[in-house]
Amino acid sequence: PWESWRLAGRQNGLRNTSAIAVTGSGYGVKSALLAGMGSLAVVNDHVAYQDFGGVNALLPELSGKTARRVLERLGL
């Protein structure tokens, strides 16, 4: 649920507008949007059919290369 994204941000001292959720589903993307956050989605064959509309970037995997993309999106 979208409240989880807000709670995670609050517990880590982050503002929703300056945080990016990294999720593995279209549902996670929608929840992040509802929480006022940007999102990056890791897409694999299992979830490729889902709606990822509104995502900031689609990632094929989590790796050092994709971690750099996350940091770039955060402006770090």
# chains A, B, ... in the order shown; residues from 1 in each chain; ligands from 1
>>> residues_around(residues="range 16-31 of chain A", least_positions_apart="5", cutoff="8 Å", atoms="only C-alpha atoms", output="JSON, numbers by chain")
{"A": [1, 2, 5, 6, 9, 36, 37, 38, 39, 40, 41, 42, 43, 47, 50, 51, 52, 53, 54, 55, 74]}
>>> write_last_selection(atoms="N, CA and C atoms", output="compact mmCIF listing (two decimals), in the first residue's frame")
# COMPACT_ATOMS: atom_id res chain seq x y z
N PRO A 1 0.82 -1.21 0.00
CA PRO A 1 0.00 0.00 0.00
C PRO A 1 0.86 1.26 0.00
N TRP A 2 0.31 2.32 -0.53
CA TRP A 2 1.07 3.57 -0.66
C TRP A 2 1.52 4.12 0.68
N TRP A 5 5.13 3.30 1.59
CA TRP A 5 6.20 4.14 1.03
C TRP A 5 6.39 5.40 1.86
N ARG A 6 5.29 6.02 2.25
CA ARG A 6 5.40 7.23 3.08
C ARG A 6 6.03 6.92 4.43
N GLY A 9 9.79 6.37 4.07
CA GLY A 9 10.47 7.65 3.91
C GLY A 9 10.56 8.41 5.21
N GLY A 36 3.31 10.14 -3.60
CA GLY A 36 4.01 11.35 -4.00
C GLY A 36 5.48 11.14 -4.28
N MET A 37 5.87 9.92 -4.59
CA MET A 37 7.27 9.59 -4.85
C MET A 37 7.49 9.22 -6.30
N GLY A 38 8.73 9.40 -6.75
CA GLY A 38 9.13 8.86 -8.03
C GLY A 38 9.40 7.38 -7.87
N SER A 39 9.61 6.68 -8.98
CA SER A 39 9.86 5.25 -8.86
C SER A 39 10.73 4.74 -9.99
N LEU A 40 11.47 3.71 -9.68
CA LEU A 40 12.23 2.92 -10.64
C LEU A 40 11.72 1.49 -10.49
N ALA A 41 11.51 0.83 -11.62
CA ALA A 41 10.97 -0.52 -11.55
C ALA A 41 11.92 -1.53 -12.19
N VAL A 42 12.14 -2.63 -11.49
CA VAL A 42 12.91 -3.75 -12.01
C VAL A 42 11.90 -4.67 -12.67
N VAL A 43 12.01 -4.83 -13.99
CA VAL A 43 11.02 -5.60 -14.74
C VAL A 43 11.63 -6.91 -15.21
N VAL A 47 6.54 -10.12 -14.39
CA VAL A 47 5.68 -8.95 -14.18
C VAL A 47 5.61 -8.03 -15.41
N GLN A 50 2.41 -6.09 -16.54
CA GLN A 50 1.77 -5.08 -15.69
C GLN A 50 1.93 -3.68 -16.26
N ASP A 51 1.09 -2.77 -15.82
CA ASP A 51 1.13 -1.38 -16.25
C ASP A 51 2.18 -0.62 -15.44
N PHE A 52 3.22 -0.16 -16.10
CA PHE A 52 4.28 0.59 -15.45
C PHE A 52 4.20 2.08 -15.78
N GLY A 53 3.02 2.52 -16.17
CA GLY A 53 2.83 3.93 -16.50
C GLY A 53 3.15 4.83 -15.30
N GLY A 54 3.92 5.88 -15.54
CA GLY A 54 4.29 6.82 -14.49
C GLY A 54 5.64 6.55 -13.87
N VAL A 55 6.26 5.43 -14.23
CA VAL A 55 7.57 5.10 -13.67
C VAL A 55 8.63 6.05 -14.25
N LEU A 74 18.44 10.42 -8.49
CA LEU A 74 18.35 11.18 -7.23
C LEU A 74 19.21 12.44 -7.26
>>> select_by_dssp(residues="chain A", states="helix (DSSP H, G or I)", output="number ranges by chain")
A: 2-11, 16-18, 26-34, 64-73
>>> select_by_dssp(residues="chain A", states="strand (DSSP E or B)", output="list of chain:residue names")
A:Ile20, A:Ala21, A:Val22, A:Thr23, A:Gly38, A:Ser39, A:Leu40, A:Ala41, A:Val42, A:Ala57, A:Leu58, A:Leu59
>>> atom_distance(atom1="CA of Ala35 in chain A", atom2="CA of Arg15 in chain A")
10.5 Å
